[in-house]
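K.L.:
Could you have a look at this structure, given as structure tokens, before my questions?
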Amino acid sequence: MNTGIKTQCRPSYRLLTESQIQEVHRASLEILETIGVRVPHQEGVQLLREAGCRVKEGSVVLIPNWLVEECIRSAPSRITIYNRKGEQAMRLEGRNIHFGTGTDLIRTVDLETGETRPSRLQDVANAARVSDYCPEVDFIASFALPSDVPTNLMYLQCAKMMMENSVKPVFFTAAGREDAEYIIEMAAVVAGGEEALREKPFLIQYSEPTAPLSHSYGAVNKLFLCAEKGIPICYTPGDLLGGSTPVTLAGGIVQANAEALSGIVLHQLRAKGAPIISGFALAPMDMRTTVFAYGAPGWRLTNSAFADLYHYYGIPMWSTVGSDAHCLDEQAAMEHAFGTLLAALDGANLIHDVGYLGQGLLGNPAAIVMCDEIISYVKRIIRGFDLARDKMALDVIRKVGPGGDFLAERHTVDHFRTELWRPAHLNRDNPDTWVEKGSQRYGERVTQKALEILATYEPEPLPEDVRQEIDGIAARAERALKTVQFKA
């Protein structure tokens with residue numbers, strides 16, 4: 001019997017109304033048109049001037065609203081990301097959600113000793129292998145910023161290590177255009193050539209403007225390189241409420257959105273239709289400690305606001321999760337759970353910083369395992385349930401009747417695996433059984449699992465000829481970059 005109702009029940013969430021979105025958009029356009037952004041990059045300023053912008057004080061550019069809206073329209077509404085084998089891995093569009101790790105954590109919790117120490121290159125490999133194993137982690141980033149590699153080669157070695165230790169898409173950073181070019185060259189070898197990489201990109205560059213309302217020379221250089229090569233770039237401001245933006249959430253949102261939109265304009269003027277991922281990271285600055293508060297509810301609200309904005313623009317967006325906790329404790333679990341749920345409800349397309357601890361300064365591979373389970377839990381909530389007649393199971397209820405049970409019914413066998421979520425590491429033993437098994441805490445279980453992955457799991461290796469060729473590129477880059485001064 002068709003009752004005419006929509007049977008699939010899914011949770012929905014939206015922070016801003018249509019009129020509020022338009023009001024934020026108009027305020028952001030006003031900032032760009034009357035205050036402008038600083039662009040200390042001669043080619044960038046020239047592109048903007050030729051497109052109809054006014055330039056004052058040398059490098060402050062006033063961008064007319066019609067040009068911003070024209071560039072929003074030219075940016076792709078869908079970006080398909082592949083893995084290093086050329087298989088489709090992520091479709092960044094609509095409300096599709098994808099999760100992955102983040103970059104550049106300067107300290108790492110050693111799984112063997114429990115000590116916190118400076119990050120090493122091996123930590124990049126470890127995070128890539130753990131992420132490659134975890135089914136809910138869709139893309140990888142370096143997770144660690146290695147202290148045992150020369151500064152000019154850090155990002156190149158991180159990218160190489162990720163390509164060698166996971167087949168998943170790579171989210172990478174670079175110091176400047178100089179090392180980014182070598183990273184893209186290595187990726188082209190893995191993909192089968194520069195055109196193959198353009199057609200099926202498996203890497204995303206991460207860069208950002210500098211708040212308030214500025215773009216550095218190096219950031220614009222990387223933005224233009226990716227536009228030219230057709231490499232997707234995530235170009236998103238990272239701002240602090242009360243630090244680099246006004247302390248009010250509304251003030252921070254309109255400024256950060258203006259910064260993000262100005263990046264889209266620069267990018268699209270360099271190569272119309274080139275793939276860009278936008279949005280912004282806007283977190284409260286804790287006024288007592290002055291830290292970047294990863295777990296704050298204000299950050300979750302600003303993330304929801306920009307998700308609504310970029311759904312309105314039709315441009316793929318990033319988002320963030322993470323925790324201010326300095327160890328894998330209850331705070332880490334709570335903040336990651338709230339962040340993951342809200343980012344998923346926002347429908348953000350590229351959700352990074354999975355497993356981040358210590359305000360984005362500390363990494364722990366066990367946190368990736370924990371977050372893999374949190375993501376699985378959240379995805380089950382997002383999937384909702386079906387109210388179709390067969391799912392209501394009236395015939396089965398009638399058959400069993402008062403006083404019976406459903407355990408042996410065929411309906412139970414047919415549906416329990418898809419209807420009922422089952423954990424991998426969460427405890428569901430009764431209290432006595434839990435004690436008999438050693439009273440292990442959740443953090444201990446996921447740490448044990450991370451150690452097991454690193455001891456036994458082997459990711460699919462690169463073909464030997466490809467590995468040798470990227471080794472050669474890395475050696476050439478080391479010689480070329482050893483004395484380069486990257487321009488900020």
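Order determines the names: the first chain of the structure tokens is A, the second B, and so forth; residues in each chain are numbered 1 upward, and ligands are numbered 1 upward as they are shown.
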If you run DSSP over the backbone, which residues in segment 225-392 of chain A end up alpha helix (DSSP H)? Put them as a PyMOL selection string.
P.N.:
chain A and resi 225-229+249-270+297-313+330-346+365-383+389-392
K.L.:
Just want the 10 Å neighbourhood of Ser74 of chain A, counted on only C-alpha atoms, with same-chain residues fewer than 4 positions away dropped. Output as an MDAnalysis selection string.
P.N.:
chainID A and resid 69:70 264:265 268:269 271:275 315
K.L.:
So that each row is one residue of segment 7-63 of chain A with an atom at most 8 Å from segment 217-222 of chain A, can you give its shortest atom pair and the distance in Å to one decimal, using only C-alpha atoms, rows by chain and rising number, as a tab-separated table?
P.N.:
```
residue	atom	partner	partner_atom	distance
A:Val39	CA	A:Tyr217	CA	7.4
A:Pro40	CA	A:Tyr217	CA	5.7
A:His41	CA	A:Tyr217	CA	5.3
A:Gly44	CA	A:Val220	CA	7.3
```
K.L.:
Which residues are close to segment 47-49 of chain A, i.e. within 8 Å by only C-alpha atoms, leaving aside same-chain residues fewer than 6 positions away? Reply as a PyMOL selection string.
P.N.:
chain A and resi 55+61+63+266+269-270
K.L.:
Would you list the contacts of segment 162-164 of chain A as number ranges by chain, taking every protein, DNA or RNA residue within 7 Å and counting only C-alpha atoms, but skipping same-chain residues closer than 4 positions in sequence?
P.N.:
A: 125, 128, 142, 158, 170, 461-462
K.L.:
Quick one: everything within 7 Å of segment 363-376 of chain A, counting only C-alpha atoms, minus sequence neighbours fewer than 5 positions away in the same chain. Send it as a PyMOL selection string.
P.N.:
chain A and resi 105+107-109+127+130-131+134+136-137+143-144+328+337+340+354-357+424+446-447+450
K.L.:
Have a look at A:Glu195, A:Asp353, A:Asp432, A:Asp395 and name the one nearest to Trp318 of chain A; count only C-alpha atoms.
P.N.:
A:Asp353
K.L.:
For a test of reading the model, state the distance in Å between atom CA of Ile97 of chain A and atom CA of Asn427 of chain A, rounded to one decimal.
P.N.:
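Going from atom CA of Ile97 of chain A over to atom CA of Asn427 of chain A covers 26.9 Å.
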K.L.:
Quick one: of A:Lys160, A:His411, A:Arg445, A:Arg95, who's nearest to Ile473 of chain A, counting only C-alpha atoms?
P.N.:
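Result for the nearest residue to Ile473 of chain A: A:Lys160.
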K.L.:
What's around Ala174 of chain A at 9 Å? Count only C-alpha atoms, leave out sequence neighbours fewer than 5 positions away in its own chain, and write the answer as a ChimeraX atom specification.
P.N.:
/A:154-156,179-180,183,205-207,222
K.L.:
Restricting the calculation to only C-alpha atoms, which member of A:Val149, A:Val466, A:Ile351, A:Ala455 is positioned closest to Asn126 of chain A?
P.N.:
A:Ala455
K.L.:
Looking at only C-alpha atoms, which of A:Ala141, A:Ala305, A:Leu481, A:Met392 is the one that sits closest to Thr17 of chain A?
P.N.:
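Looking at the shortest contact to Thr17 of chain A, the residue is A:Ala305.
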K.L.:
Just to confirm, what's the straight-line distance from atom CA of Thr236 of chain A to atom CA of Leu197 of chain A in Å (one decimal)?
P.N.:
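Here the two named atoms are 23.0 Å from each other.
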K.L.:
Leaving out Pro463 of chain A and any residue of its chain fewer than 3 positions from it, which residues lie within 12 Å of it when counting only C-alpha atoms, given as a list in words?
P.N.:
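Using only C-alpha atoms, the neighbours found are Arg84, Lys85, Met163, Glu164, Val167, Val189, Val190, Ala191, Gly192, Glu460, Val466, Arg467, Gln468, Glu469 and Ile470 of chain A.
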K.L.:
From the options A:Asp308, A:Asp138, A:Glu115, A:Glu194, which residue's atoms come nearest to His25 of chain A, counting only C-alpha atoms?
P.N.:
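Among A:Asp308, A:Asp138, A:Glu115, A:Glu194, it is A:Asp308 that comes nearest to His25 of chain A.
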